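This is model08.txt (compact mmCIF, C-alpha atoms and all ligand atoms).
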```
# COMPACT_ATOMS: atom_id res chain seq x y z
CA MET A 1 0.00 0.00 0.00
CA ARG A 2 0.96 3.66 -0.35
CA ILE A 3 0.71 5.23 3.12
CA SER A 4 1.09 8.84 4.30
CA ILE A 5 2.06 9.60 7.90
CA PHE A 6 1.12 12.97 9.40
CA GLY A 7 3.36 13.78 12.35
CA THR A 8 6.90 12.47 12.81
CA GLY A 9 7.17 12.25 16.59
CA TYR A 10 7.91 8.86 18.10
CA VAL A 11 4.51 7.40 17.15
CA GLY A 12 4.57 8.69 13.56
CA SER A 13 8.23 7.92 12.93
CA VAL A 14 8.00 4.41 14.37
CA THR A 15 4.69 3.64 12.63
CA GLY A 16 5.87 4.87 9.22
CA ILE A 17 9.31 3.27 9.28
CA CYS A 18 7.94 -0.05 10.56
CA LEU A 19 5.18 -0.07 7.92
CA ALA A 20 7.88 0.61 5.31
CA HIS A 21 9.77 -2.38 6.71
CA TRP A 22 6.67 -4.44 5.92
CA GLY A 23 7.02 -3.38 2.29
CA HIS A 24 4.67 -0.41 2.06
CA GLN A 25 5.51 2.85 0.27
CA VAL A 26 5.52 5.52 3.00
CA ILE A 27 5.53 9.31 2.71
CA PHE A 28 5.96 11.48 5.81
CA ASN A 29 4.49 14.95 6.35
CA ASP A 30 5.18 17.30 9.26
CA ILE A 31 4.95 21.06 9.83
CA ASP A 32 8.51 20.86 11.24
CA THR A 33 10.57 20.51 8.05
CA ARG A 34 13.71 19.86 10.11
CA LYS A 35 12.27 16.48 10.99
CA LEU A 36 11.57 15.77 7.33
CA ASP A 37 15.15 16.75 6.48
CA MET A 38 16.44 14.33 9.11
CA ILE A 39 14.42 11.49 7.59
CA GLU A 40 15.73 12.41 4.14
CA LYS A 41 19.27 12.15 5.55
CA GLY A 42 18.48 8.69 6.95
CA ARG A 43 18.26 9.85 10.58
CA PRO A 44 15.02 9.29 12.54
CA PRO A 45 13.70 12.50 14.22
CA VAL A 46 13.39 10.58 17.50
CA TYR A 47 15.69 8.18 19.33
CA GLU A 48 14.23 4.66 19.53
CA PRO A 49 16.43 1.54 19.67
CA GLY A 50 16.58 -0.08 16.22
CA LEU A 51 14.80 2.73 14.40
CA ASP A 52 17.83 4.20 12.60
CA ASP A 53 18.81 0.79 11.29
CA LEU A 54 15.26 0.20 10.02
CA LEU A 55 15.17 3.61 8.34
CA ARG A 56 18.46 2.96 6.55
CA LYS A 57 17.28 -0.48 5.38
CA ASN A 58 14.01 0.92 3.99
CA LYS A 59 15.07 4.31 2.66
CA GLY A 60 14.21 3.14 -0.85
CA HIS A 61 10.50 3.32 -0.20
CA ILE A 62 10.35 6.16 2.25
CA ALA A 63 9.74 9.75 1.12
CA THR A 64 8.89 13.08 2.76
CA THR A 65 6.93 16.15 1.74
CA ASP A 66 6.05 19.40 3.45
CA ASN A 67 2.95 19.51 1.23
CA PRO A 68 0.04 17.65 2.91
CA VAL A 69 -1.97 17.62 -0.33
CA GLN A 70 0.87 15.82 -2.10
CA ALA A 71 1.08 13.33 0.78
CA VAL A 72 -2.61 12.44 0.39
CA GLN A 73 -2.49 12.33 -3.41
CA GLN A 74 0.47 9.89 -3.24
CA SER A 75 -1.23 7.48 -0.81
CA GLU A 76 -4.39 5.44 -0.26
CA ILE A 77 -4.21 5.59 3.55
CA SER A 78 -3.25 8.51 5.81
CA PHE A 79 -2.26 8.00 9.48
CA ILE A 80 -2.82 10.94 11.84
CA CYS A 81 0.03 10.69 14.39
CA VAL A 82 0.21 14.24 15.73
CA GLY A 83 0.43 15.15 19.42
CA THR A 84 -2.60 15.73 21.68
CA PRO A 85 -1.05 17.66 24.60
CA SER A 86 -2.88 18.71 27.76
CA ASN A 87 -4.56 22.08 28.18
CA GLY A 88 -3.98 23.86 31.48
CA ASP A 89 -7.08 22.24 33.01
CA GLY A 90 -5.97 18.74 31.94
CA SER A 91 -8.38 18.58 29.01
CA ILE A 92 -7.09 17.43 25.63
CA ASN A 93 -5.70 19.95 23.13
CA LEU A 94 -6.81 19.00 19.59
CA GLN A 95 -5.29 21.88 17.64
CA TYR A 96 -2.80 19.69 15.77
CA VAL A 97 -5.42 17.05 14.99
CA GLU A 98 -7.78 19.71 13.65
CA GLN A 99 -5.06 21.24 11.49
CA VAL A 100 -4.14 17.92 9.94
CA CYS A 101 -7.81 17.06 9.31
CA SER A 102 -8.19 20.34 7.48
CA ASP A 103 -5.10 19.62 5.35
CA ILE A 104 -6.22 16.07 4.55
CA GLY A 105 -9.79 17.19 3.85
CA GLN A 106 -8.64 19.75 1.30
CA ALA A 107 -6.58 17.09 -0.44
CA VAL A 108 -9.42 14.54 -0.41
CA ALA A 109 -11.64 17.15 -2.09
CA ARG A 110 -9.44 16.90 -5.20
CA LYS A 111 -8.97 13.15 -5.12
CA GLU A 112 -10.88 10.37 -6.87
CA GLY A 113 -11.58 7.12 -5.09
CA ILE A 114 -11.97 6.33 -1.40
CA HIS A 115 -9.17 7.64 0.82
CA THR A 116 -8.84 6.02 4.27
CA VAL A 117 -7.90 8.23 7.23
CA VAL A 118 -6.55 6.41 10.32
CA VAL A 119 -6.52 8.23 13.66
CA LYS A 120 -3.55 6.91 15.66
CA SER A 121 -3.20 9.97 17.89
CA THR A 122 -4.61 9.44 21.37
CA VAL A 123 -7.98 11.19 21.38
CA ILE A 124 -10.83 11.23 23.89
CA PRO A 125 -13.77 8.94 23.00
CA GLY A 126 -16.08 10.65 20.52
CA THR A 127 -13.34 12.81 18.97
CA THR A 128 -13.11 10.88 15.70
CA GLU A 129 -16.88 11.17 15.18
CA GLY A 130 -17.26 14.61 16.70
CA VAL A 131 -14.17 16.44 15.41
CA VAL A 132 -12.23 14.45 12.81
CA ILE A 133 -15.11 13.40 10.54
CA PRO A 134 -16.87 16.82 10.54
CA ALA A 135 -13.55 18.55 9.72
CA LEU A 136 -12.86 16.12 6.87
CA GLU A 137 -16.42 16.45 5.50
CA LYS A 138 -16.27 20.24 5.69
CA GLN A 139 -12.96 20.58 3.89
CA SER A 140 -13.52 17.79 1.36
CA GLY A 141 -17.17 18.46 0.58
CA LYS A 142 -17.60 14.67 0.72
CA LYS A 143 -19.38 12.36 3.18
CA ALA A 144 -17.63 9.91 5.48
CA GLY A 145 -18.18 6.37 4.22
CA LYS A 146 -18.61 7.61 0.66
CA GLY A 147 -15.84 10.01 -0.41
CA PHE A 148 -13.48 8.81 2.34
CA SER A 149 -13.47 6.47 5.34
CA VAL A 150 -12.18 6.96 8.86
CA VAL A 151 -10.67 4.37 11.22
CA SER A 152 -9.37 4.58 14.80
CA ASN A 153 -6.17 2.59 15.48
CA PRO A 154 -4.59 3.60 18.81
CA GLU A 155 -0.95 2.81 19.59
CA PHE A 156 0.37 1.05 22.71
CA LEU A 157 4.06 1.82 22.21
CA ARG A 158 6.37 2.29 25.22
CA GLU A 159 9.03 4.96 24.79
CA GLY A 160 12.40 3.27 24.42
CA ASN A 161 10.69 0.03 23.31
CA ALA A 162 8.55 1.42 20.50
CA VAL A 163 10.02 -0.61 17.61
CA HIS A 164 9.76 -3.84 19.62
CA ASP A 165 6.22 -2.98 20.67
CA PHE A 166 5.18 -2.18 17.09
CA PHE A 167 6.33 -5.59 15.82
CA ASN A 168 5.15 -7.46 18.92
CA PRO A 169 1.78 -6.02 19.97
CA ASP A 170 -0.42 -7.91 22.44
CA ARG A 171 -3.37 -6.85 20.32
CA VAL A 172 -4.40 -4.53 17.49
CA ILE A 173 -7.42 -2.35 18.17
CA ILE A 174 -9.37 -1.04 15.17
CA GLY A 175 -12.40 1.23 15.36
CA ALA A 176 -14.35 1.43 12.09
CA GLN A 177 -17.66 2.67 10.72
CA ASP A 178 -17.68 0.26 7.81
CA GLU A 179 -16.36 -3.26 7.30
CA THR A 180 -14.24 -2.45 4.27
CA SER A 181 -12.05 0.16 5.97
CA GLY A 182 -11.80 -1.94 9.14
CA GLU A 183 -10.64 -4.96 7.17
CA LEU A 184 -8.23 -2.78 5.13
CA VAL A 185 -6.43 -1.62 8.30
CA LYS A 186 -6.60 -5.13 9.80
CA GLN A 187 -4.84 -6.40 6.66
CA LEU A 188 -2.00 -3.91 7.25
CA TYR A 189 -1.22 -5.77 10.49
CA SER A 190 -1.30 -9.24 8.90
CA PRO A 191 2.46 -9.71 9.61
CA VAL A 192 1.80 -9.80 13.36
CA ASP A 193 0.16 -12.80 15.01
CA CYS A 194 -2.05 -11.39 17.77
CA PRO A 195 -5.76 -10.73 18.39
CA LYS A 196 -7.10 -7.99 16.08
CA MET A 197 -10.29 -6.48 17.47
CA ILE A 198 -12.61 -4.50 15.22
CA THR A 199 -15.04 -2.35 17.15
CA SER A 200 -16.71 1.06 17.02
CA LEU A 201 -14.74 4.29 16.75
CA LYS A 202 -15.41 5.46 20.29
CA THR A 203 -14.89 2.04 21.82
CA SER A 204 -11.46 1.96 20.20
CA GLU A 205 -10.66 5.43 21.57
CA MET A 206 -11.84 4.37 25.04
CA ILE A 207 -9.74 1.18 25.01
CA LYS A 208 -6.62 3.29 24.59
CA TYR A 209 -7.42 5.61 27.50
CA VAL A 210 -8.54 2.81 29.81
CA SER A 211 -5.39 0.82 29.06
CA ASN A 212 -3.12 3.69 30.06
CA ALA A 213 -5.30 4.70 32.99
CA PHE A 214 -5.30 1.14 34.35
CA LEU A 215 -1.52 0.81 34.03
CA ALA A 216 -1.17 4.10 35.91
CA THR A 217 -3.68 2.85 38.49
CA LYS A 218 -1.58 -0.28 39.07
CA ILE A 219 1.44 1.92 39.77
CA SER A 220 -0.37 4.24 42.17
CA PHE A 221 -1.99 1.26 43.88
CA ALA A 222 1.48 -0.31 44.32
CA ASN A 223 2.75 2.97 45.73
CA GLU A 224 -0.11 3.38 48.21
CA ILE A 225 0.31 -0.22 49.40
CA GLY A 226 4.08 0.34 49.35
CA ASN A 227 3.75 3.32 51.70
CA LEU A 228 1.76 1.13 54.11
CA CYS A 229 4.31 -1.70 53.81
CA LYS A 230 7.11 0.75 54.55
CA VAL A 231 5.56 1.69 57.92
CA HIS A 232 5.50 -1.98 58.92
CA GLY A 233 8.94 -2.96 57.59
CA ILE A 234 7.39 -5.05 54.83
CA ASP A 235 9.07 -5.15 51.39
CA SER A 236 6.39 -4.15 48.87
CA TYR A 237 8.39 -5.80 46.05
CA GLU A 238 7.98 -9.15 47.79
CA VAL A 239 4.31 -8.44 48.45
CA PHE A 240 3.58 -7.78 44.77
CA GLN A 241 5.70 -10.74 43.72
CA GLY A 242 3.23 -12.89 45.64
CA VAL A 243 0.16 -10.90 44.61
CA GLY A 244 1.17 -11.05 40.92
CA MET A 245 1.21 -14.85 40.99
CA ASP A 246 -2.59 -14.75 40.82
CA ALA A 247 -3.33 -15.29 37.13
CA ARG A 248 -6.12 -12.73 37.38
CA ILE A 249 -3.73 -10.05 38.58
CA ASN A 250 -0.40 -10.36 36.67
CA PRO A 251 2.83 -8.99 38.25
CA ALA A 252 3.55 -6.26 35.69
CA PHE A 253 3.45 -2.56 36.58
CA PHE A 254 3.45 -3.14 40.34
CA ARG A 255 6.98 -1.70 40.79
CA SER A 256 6.42 0.70 43.71
CA GLY A 257 8.70 3.74 43.93
CA ILE A 258 8.32 7.46 43.35
CA GLY A 259 5.63 7.20 40.70
CA PHE A 260 5.05 7.50 36.96
CA GLY A 261 6.16 10.21 34.54
CA GLY A 262 6.31 10.44 30.76
CA SER A 263 4.22 12.14 28.10
CA CYS A 264 1.35 9.64 28.32
CA PHE A 265 0.19 8.38 31.71
CA PRO A 266 -0.18 11.78 33.43
CA LYS A 267 -1.73 13.41 30.33
CA ASP A 268 -4.12 10.54 29.57
CA VAL A 269 -5.34 10.07 33.15
CA ARG A 270 -5.95 13.83 33.49
CA ALA A 271 -7.80 13.90 30.13
CA LEU A 272 -9.97 10.96 31.26
CA ILE A 273 -10.74 12.77 34.51
CA GLU A 274 -11.84 15.86 32.55
CA PHE A 275 -13.86 13.63 30.22
CA ALA A 276 -15.63 12.03 33.19
CA LYS A 277 -16.20 15.48 34.68
CA THR A 278 -17.87 16.81 31.52
CA SER A 279 -19.80 13.54 31.29
CA GLY A 280 -21.10 13.96 34.84
CA THR A 281 -19.68 10.66 36.16
CA GLU A 282 -17.47 9.97 39.19
CA ARG A 283 -13.70 9.97 38.88
CA ASN A 284 -12.78 9.08 42.47
CA ILE A 285 -10.30 6.37 41.51
CA LEU A 286 -8.76 8.29 38.62
CA GLN A 287 -8.28 11.37 40.78
CA ALA A 288 -6.67 9.25 43.49
CA VAL A 289 -4.21 7.88 40.89
CA ILE A 290 -3.04 11.42 40.12
CA THR A 291 -3.03 12.57 43.77
CA THR A 292 -0.93 9.57 44.87
CA ASN A 293 1.45 10.14 41.98
CA GLU A 294 1.92 13.79 42.88
CA ASP A 295 2.58 12.96 46.56
CA GLN A 296 4.91 10.02 46.01
CA PRO A 297 8.15 11.87 45.04
CA LYS A 298 7.86 13.96 48.20
CA LYS A 299 8.32 10.76 50.26
CA LEU A 300 11.94 10.62 49.08
CA VAL A 301 12.73 14.01 50.65
CA GLN A 302 10.69 13.22 53.79
CA LEU A 303 12.76 10.05 54.29
CA LEU A 304 15.98 12.02 53.71
CA LYS A 305 15.01 14.47 56.43
CA ARG A 306 15.00 11.58 58.91
CA HIS A 307 18.74 11.18 58.33
CA LEU A 308 20.12 14.71 57.99
CA ASP A 309 19.28 18.39 58.22
CA ILE A 310 19.02 19.39 54.57
CA PRO A 311 19.57 23.20 54.53
CA GLY A 312 23.05 23.94 53.16
CA LYS A 313 23.88 20.28 52.50
CA THR A 314 24.83 18.90 49.09
CA ILE A 315 22.36 16.29 47.89
CA GLY A 316 23.21 14.06 44.92
CA ILE A 317 20.53 12.93 42.47
CA LEU A 318 21.04 9.85 40.32
CA GLY A 319 18.67 9.90 37.33
CA LEU A 320 16.62 12.71 35.77
CA ALA A 321 14.79 11.02 32.82
CA PHE A 322 11.23 9.78 33.45
CA LYS A 323 12.53 6.25 32.99
CA PRO A 324 15.78 4.58 31.93
CA GLY A 325 16.70 4.40 28.22
CA THR A 326 15.46 7.86 27.25
CA ASP A 327 16.45 11.53 27.48
CA ASP A 328 12.78 12.47 27.94
CA ILE A 329 12.08 14.48 31.11
CA ARG A 330 8.36 15.15 30.50
CA GLU A 331 6.59 14.78 33.86
CA THR A 332 9.70 13.08 35.24
CA ARG A 333 9.50 12.53 39.03
CA ALA A 334 12.88 14.26 39.22
CA ILE A 335 11.12 17.63 38.81
CA PRO A 336 9.09 17.49 42.09
CA VAL A 337 12.11 15.97 43.88
CA VAL A 338 14.40 18.84 42.81
CA ARG A 339 11.74 21.44 43.67
CA ALA A 340 11.31 19.92 47.16
CA LEU A 341 15.09 19.93 47.73
CA LEU A 342 15.40 23.55 46.60
CA ASP A 343 12.58 24.46 49.00
CA GLU A 344 14.70 22.83 51.72
CA LYS A 345 17.68 25.03 50.69
CA ALA A 346 19.81 22.10 49.53
CA HIS A 347 22.70 22.32 47.09
CA ILE A 348 22.05 19.79 44.33
CA ILE A 349 24.41 17.87 42.08
CA ALA A 350 22.65 15.64 39.53
CA TYR A 351 23.70 13.05 36.98
CA ASP A 352 21.83 11.28 34.19
CA PRO A 353 23.43 9.44 31.23
CA LEU A 354 21.12 11.08 28.64
CA ALA A 355 18.75 13.64 30.16
CA MET A 356 21.02 16.33 31.67
CA ASP A 357 20.87 18.72 28.68
CA ASN A 358 17.07 18.62 28.73
CA PHE A 359 16.92 18.97 32.52
CA ARG A 360 19.43 21.84 32.59
CA ARG A 361 17.05 23.90 30.45
CA GLU A 362 14.44 23.63 33.23
CA PHE A 363 16.89 23.83 36.19
CA PRO A 364 19.97 25.83 35.14
CA GLY A 365 20.73 26.69 38.78
CA ILE A 366 21.75 23.23 40.01
CA SER A 367 25.08 21.45 39.41
CA TYR A 368 25.50 18.60 36.95
CA ALA A 369 28.12 15.85 37.29
CA ARG A 370 30.11 14.24 34.51
CA THR A 371 29.79 10.78 36.07
CA ALA A 372 27.59 8.94 38.55
CA GLU A 373 30.63 8.48 40.81
CA GLU A 374 31.01 12.26 41.09
CA VAL A 375 27.55 12.42 42.69
CA LEU A 376 28.69 10.02 45.44
CA ALA A 377 30.75 12.84 47.00
CA ALA A 378 27.50 14.48 48.15
CA ASP A 379 26.28 14.37 51.76
CA ALA A 380 23.46 12.04 50.68
CA ILE A 381 22.23 10.49 47.42
CA LEU A 382 18.68 10.12 46.07
CA ILE A 383 18.03 7.55 43.33
CA VAL A 384 15.30 8.83 40.99
CA THR A 385 15.73 6.80 37.75
CA GLU A 386 16.87 3.18 37.68
CA TRP A 387 19.57 3.38 35.00
CA PRO A 388 21.49 0.06 34.74
CA GLU A 389 24.82 1.81 35.40
CA PHE A 390 23.56 2.83 38.86
CA ASP A 391 23.43 -0.87 39.68
CA ARG A 392 27.19 -1.15 39.07
CA ILE A 393 28.60 1.56 41.34
CA ASP A 394 29.80 1.09 44.92
CA TYR A 395 27.76 3.02 47.52
CA THR A 396 29.94 1.97 50.48
CA GLY A 397 29.72 4.44 53.34
CA LYS A 398 27.10 6.56 51.57
CA THR A 399 23.64 7.63 52.70
CA VAL A 400 21.21 6.56 49.97
CA ILE A 401 17.45 7.12 49.74
CA ASP A 402 16.21 4.97 46.87
CA GLY A 403 13.09 5.80 44.84
CA ARG A 404 13.54 3.05 42.24
CA ARG A 405 14.90 -0.11 43.94
CA VAL A 406 18.55 -0.33 42.83
CA GLU A 407 19.74 -3.58 44.41
CA ARG A 408 23.45 -2.63 44.48
CA ALA A 409 22.63 0.44 46.58
CA LYS A 410 20.47 -1.69 48.86
CA LYS A 411 23.41 -4.08 49.37
CA THR A 412 26.38 -1.70 49.68
CA ALA A 413 25.21 1.68 51.01
CA GLY A 414 26.35 2.74 54.48
CA MET A 415 22.83 3.95 55.28
CA TYR A 416 20.02 2.88 52.95
CA GLU A 417 16.28 3.53 52.88
CA GLY A 418 13.88 2.55 50.10
CA VAL A 419 10.76 4.64 49.56
CA CYS A 420 8.42 1.61 49.73
CA TRP A 421 10.67 -1.15 51.05
C1 LIG B 1 3.26 4.05 28.50
C2 LIG B 1 2.54 2.73 28.23
O1 LIG B 1 3.31 1.67 28.79
C3 LIG B 1 2.40 2.52 26.72
O2 LIG B 1 1.68 1.32 26.47
C4 LIG B 1 1.63 3.72 26.14
O3 LIG B 1 1.44 3.58 24.73
C5 LIG B 1 2.39 5.00 26.44
O4 LIG B 1 2.57 5.16 27.86
P1 LIG B 1 5.72 4.98 28.52
O5 LIG B 1 5.07 6.18 29.12
O6 LIG B 1 6.66 5.13 27.39
O7 LIG B 1 4.56 3.95 28.00
O8 LIG B 1 6.54 4.28 29.68
P2 LIG B 1 6.32 3.08 30.70
O9 LIG B 1 7.40 2.12 30.48
O10 LIG B 1 4.92 2.59 30.66
O11 LIG B 1 6.56 3.82 32.15
C6 LIG B 1 5.77 4.94 32.45
C7 LIG B 1 6.19 5.44 33.84
O12 LIG B 1 5.73 4.53 34.85
C8 LIG B 1 7.69 5.60 34.05
O13 LIG B 1 7.94 6.80 34.76
C9 LIG B 1 8.05 4.39 34.91
O14 LIG B 1 9.16 4.67 35.76
C10 LIG B 1 6.80 4.21 35.73
N1 LIG B 1 6.57 2.84 36.21
C11 LIG B 1 6.35 1.86 35.28
C12 LIG B 1 6.52 2.59 37.59
O15 LIG B 1 6.74 3.49 38.40
N2 LIG B 1 6.26 1.32 38.01
C13 LIG B 1 6.04 0.29 37.13
O16 LIG B 1 5.83 -0.83 37.58
C14 LIG B 1 6.09 0.56 35.74
```
Take the structure in the file and give it back as structure tokens.
Ligand code: UDX
Amino acid sequence: MRISIFGTGYVGSVTGICLAHWGHQVIFNDIDTRKLDMIEKGRPPVYEPGLDDLLRKNKGHIATTDNPVQAVQQSEISFICVGTPSNGDGSINLQYVEQVCSDIGQAVARKEGIHTVVVKSTVIPGTTEGVVIPALEKQSGKKAGKGFSVVSNPEFLREGNAVHDFFNPDRVIIGAQDETSGELVKQLYSPVDCPKMITSLKTSEMIKYVSNAFLATKISFANEIGNLCKVHGIDSYEVFQGVGMDARINPAFFRSGIGFGGSCFPKDVRALIEFAKTSGTERNILQAVITTNEDQPKKLVQLLKRHLDIPGKTIGILGLAFKPGTDDIRETRAIPVVRALLDEKAHIIAYDPLAMDNFRREFPGISYARTAEEVLAADAILIVTEWPEFDRIDYTGKTVIDGRRVERAKKTAGMYEGVCW
């Protein structure tokens, strides 16, 4: 198939390059022409393990254009992969989705045959029917199901694992208004052997949000139970090892610590809360997930205060990225930790293998170390991101407060406390 990808962030880049690897002809469009230039030079606009190699291997059938009309004219299917950031009140911001729909609609107006538009961006249930389709109909002058068709196909990619997750999905979710377009998108995923569920547009949109919200709920649940375990000297990791043995429960995403960050969980849970609010239904559990996640990083500093008076002391921070394997600091738990330490008048020296440049733009006033070992000279060390290299340094004689369960620190530190163990 000839496929156009609108948006070259990590969802668009991964989706397009992986579809090209399956033999399709892919053309990328983005308002940021620097990203298109990077693709033309054989360099993915985002870092994802394995993506550059895949791009190089499939350059022959990958193209770019800054002209959205050309992208539509040179494809049968268009994937909308643009961002849906949060508004100030937590509600979803659809400006990029609306812009792309307008571009695609104008192109569809001048095109013969049925063009299929696939919404891969994470959008609140009802958005495809209530925003995407009306925008396409308005700009194209055609009717959905006749002049074009629209499908929902949410992604479940983990940052830092996106290529693996694209080729090894647990399931493919397809929302469709007609059987033909649903089957067309299902056929795209024929190389992967997993359940492929065809459902309605808004059910597909809801499955995406509920998946992320439940994963975030597991984490906040583990943290709340972990805080209780901590008071009673119980190791929450052992508790959830036993709990997870129940086939109905599954051990994944019960790693207690200082909470979840990233560009998805916080945004998606907040958007679902706003959606429930405007729908007039309760959001007690969802709100508790966010509240627990906002409180959890503070536990690290509260524990530290049990062991030393912070004002004027130098506190080392190991890890700034929202998780290992990425330079992404969006909603990283390091931000509330640093803010709490600054409120306590601490001097901070931080180290992260990848994320220091990004973090320095937000916190230019703290010190940054060249190595993890340099941080060990501080009066106490907080572990915020569980980078593998932090499990290979010697913490002998050091005071360590661990937010992410680094076993080597637990074994070798002079004084060690874990946030939930
Ligand atoms: C997540 C979902 O996993 C993915 O399916 C979805 O498409 C996008 O959002 P991502 O945000 O990239 O992916 O990272 P993930 O690996 O899920 O971790 C998210 C956050 O939760 C990280 O800050 C991580 O440290 C934290 N986490 C994860 C925990 O604190 N405990 C856990 O057990 C698992």
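As for CA of Ser181 in chain A and CA of Leu51 in chain A, they are spaced 28.3 Å apart.
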Sorted by chain and rising residue number, which residues of chain A lie within 8 Å of ligand LIG 1 (chain B), and what are their closest atom pairs and distances in Å to one decimal, counting all atoms listed in the file, as JSON lines?
```
{"residue": "A:Glu155", "atom": "CA", "partner": "B:LIG1", "partner_atom": "O3", "distance": 5.7}
{"residue": "A:Phe156", "atom": "CA", "partner": "B:LIG1", "partner_atom": "O3", "distance": 3.4}
{"residue": "A:Leu157", "atom": "CA", "partner": "B:LIG1", "partner_atom": "O3", "distance": 4.0}
{"residue": "A:Arg158", "atom": "CA", "partner": "B:LIG1", "partner_atom": "O6", "distance": 3.6}
{"residue": "A:Glu159", "atom": "CA", "partner": "B:LIG1", "partner_atom": "O6", "distance": 3.5}
{"residue": "A:Gly160", "atom": "CA", "partner": "B:LIG1", "partner_atom": "O6", "distance": 6.7}
{"residue": "A:Asn161", "atom": "CA", "partner": "B:LIG1", "partner_atom": "O6", "distance": 7.7}
{"residue": "A:Ser211", "atom": "CA", "partner": "B:LIG1", "partner_atom": "O2", "distance": 7.5}
{"residue": "A:Asn212", "atom": "CA", "partner": "B:LIG1", "partner_atom": "C2", "distance": 6.0}
{"residue": "A:Leu215", "atom": "CA", "partner": "B:LIG1", "partner_atom": "O1", "distance": 7.2}
{"residue": "A:Ala216", "atom": "CA", "partner": "B:LIG1", "partner_atom": "O12", "distance": 7.0}
{"residue": "A:Lys218", "atom": "CA", "partner": "B:LIG1", "partner_atom": "O16", "distance": 7.6}
{"residue": "A:Ile219", "atom": "CA", "partner": "B:LIG1", "partner_atom": "N2", "distance": 5.2}
{"residue": "A:Ala252", "atom": "CA", "partner": "B:LIG1", "partner_atom": "O16", "distance": 6.2}
{"residue": "A:Phe253", "atom": "CA", "partner": "B:LIG1", "partner_atom": "O16", "distance": 3.1}
{"residue": "A:Phe254", "atom": "CA", "partner": "B:LIG1", "partner_atom": "O16", "distance": 4.3}
{"residue": "A:Arg255", "atom": "CA", "partner": "B:LIG1", "partner_atom": "O16", "distance": 3.5}
{"residue": "A:Ser256", "atom": "CA", "partner": "B:LIG1", "partner_atom": "N2", "distance": 5.7}
{"residue": "A:Gly257", "atom": "CA", "partner": "B:LIG1", "partner_atom": "O15", "distance": 5.9}
{"residue": "A:Ile258", "atom": "CA", "partner": "B:LIG1", "partner_atom": "O15", "distance": 6.5}
{"residue": "A:Gly259", "atom": "CA", "partner": "B:LIG1", "partner_atom": "O15", "distance": 4.5}
{"residue": "A:Phe260", "atom": "CA", "partner": "B:LIG1", "partner_atom": "O13", "distance": 3.7}
{"residue": "A:Gly261", "atom": "CA", "partner": "B:LIG1", "partner_atom": "O13", "distance": 3.9}
{"residue": "A:Gly262", "atom": "CA", "partner": "B:LIG1", "partner_atom": "O5", "distance": 4.7}
{"residue": "A:Ser263", "atom": "CA", "partner": "B:LIG1", "partner_atom": "O5", "distance": 6.1}
{"residue": "A:Cys264", "atom": "CA", "partner": "B:LIG1", "partner_atom": "O4", "distance": 4.7}
{"residue": "A:Phe265", "atom": "CA", "partner": "B:LIG1", "partner_atom": "O4", "distance": 5.6}
{"residue": "A:Phe322", "atom": "CA", "partner": "B:LIG1", "partner_atom": "O13", "distance": 4.6}
{"residue": "A:Lys323", "atom": "CA", "partner": "B:LIG1", "partner_atom": "O14", "distance": 4.6}
{"residue": "A:Pro324", "atom": "CA", "partner": "B:LIG1", "partner_atom": "O14", "distance": 7.6}
{"residue": "A:Thr332", "atom": "CA", "partner": "B:LIG1", "partner_atom": "O13", "distance": 6.5}
{"residue": "A:Arg333", "atom": "CA", "partner": "B:LIG1", "partner_atom": "O13", "distance": 7.3}
{"residue": "A:Thr385", "atom": "CA", "partner": "B:LIG1", "partner_atom": "O14", "distance": 7.2}
{"residue": "A:Arg404", "atom": "CA", "partner": "B:LIG1", "partner_atom": "O15", "distance": 7.8}
```
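Relative to CA of Asp379 in chain A, CA of Ala340 in chain A is found at 16.6 Å.
If all atoms listed in the file are the atoms counted, then among A:Val117, A:Leu308, A:Val210, A:Ala162 the closest residue to Tyr10 in chain A is A:Ala162.
With all atoms listed in the file as the basis for measurement, A:Leu36 is the residue among A:Val163, A:Ile366, A:Leu36, A:Leu286 that approaches Phe6 in chain A most closely.
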Protein and nucleic acid residues near (18.4, 11.3, 9.8) (cut-off 12 Å, all atoms listed in the file) as a compact mmCIF listing (two decimals) with C-alpha atoms, keeping the file's coordinate frame:
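Everything below was put into part-v8.txt:
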```txt
# COMPACT_ATOMS: atom_id res chain seq x y z
CA THR A 8 6.90 12.47 12.81
CA SER A 13 8.23 7.92 12.93
CA ARG A 34 13.71 19.86 10.11
CA LYS A 35 12.27 16.48 10.99
CA LEU A 36 11.57 15.77 7.33
CA ASP A 37 15.15 16.75 6.48
CA MET A 38 16.44 14.33 9.11
CA ILE A 39 14.42 11.49 7.59
CA GLU A 40 15.73 12.41 4.14
CA LYS A 41 19.27 12.15 5.55
CA GLY A 42 18.48 8.69 6.95
CA ARG A 43 18.26 9.85 10.58
CA PRO A 44 15.02 9.29 12.54
CA PRO A 45 13.70 12.50 14.22
CA VAL A 46 13.39 10.58 17.50
CA TYR A 47 15.69 8.18 19.33
CA LEU A 51 14.80 2.73 14.40
CA ASP A 52 17.83 4.20 12.60
CA ASP A 53 18.81 0.79 11.29
CA LEU A 54 15.26 0.20 10.02
CA LEU A 55 15.17 3.61 8.34
CA ARG A 56 18.46 2.96 6.55
CA LYS A 59 15.07 4.31 2.66
CA THR A 64 8.89 13.08 2.76
```
- Query: Looking at only C-alpha atoms, which of A:Gly83, A:Val69, A:Asn58, A:Leu304 is the one that sits closest to Gly316 in chain A?
  - Reply: A:Leu304
- Note on the structure: Restricting to all atoms listed in the file, whichever of A:Glu112, A:Val119, A:Lys305, A:Thr291 is closest to Val97 in chain A is A:Val119
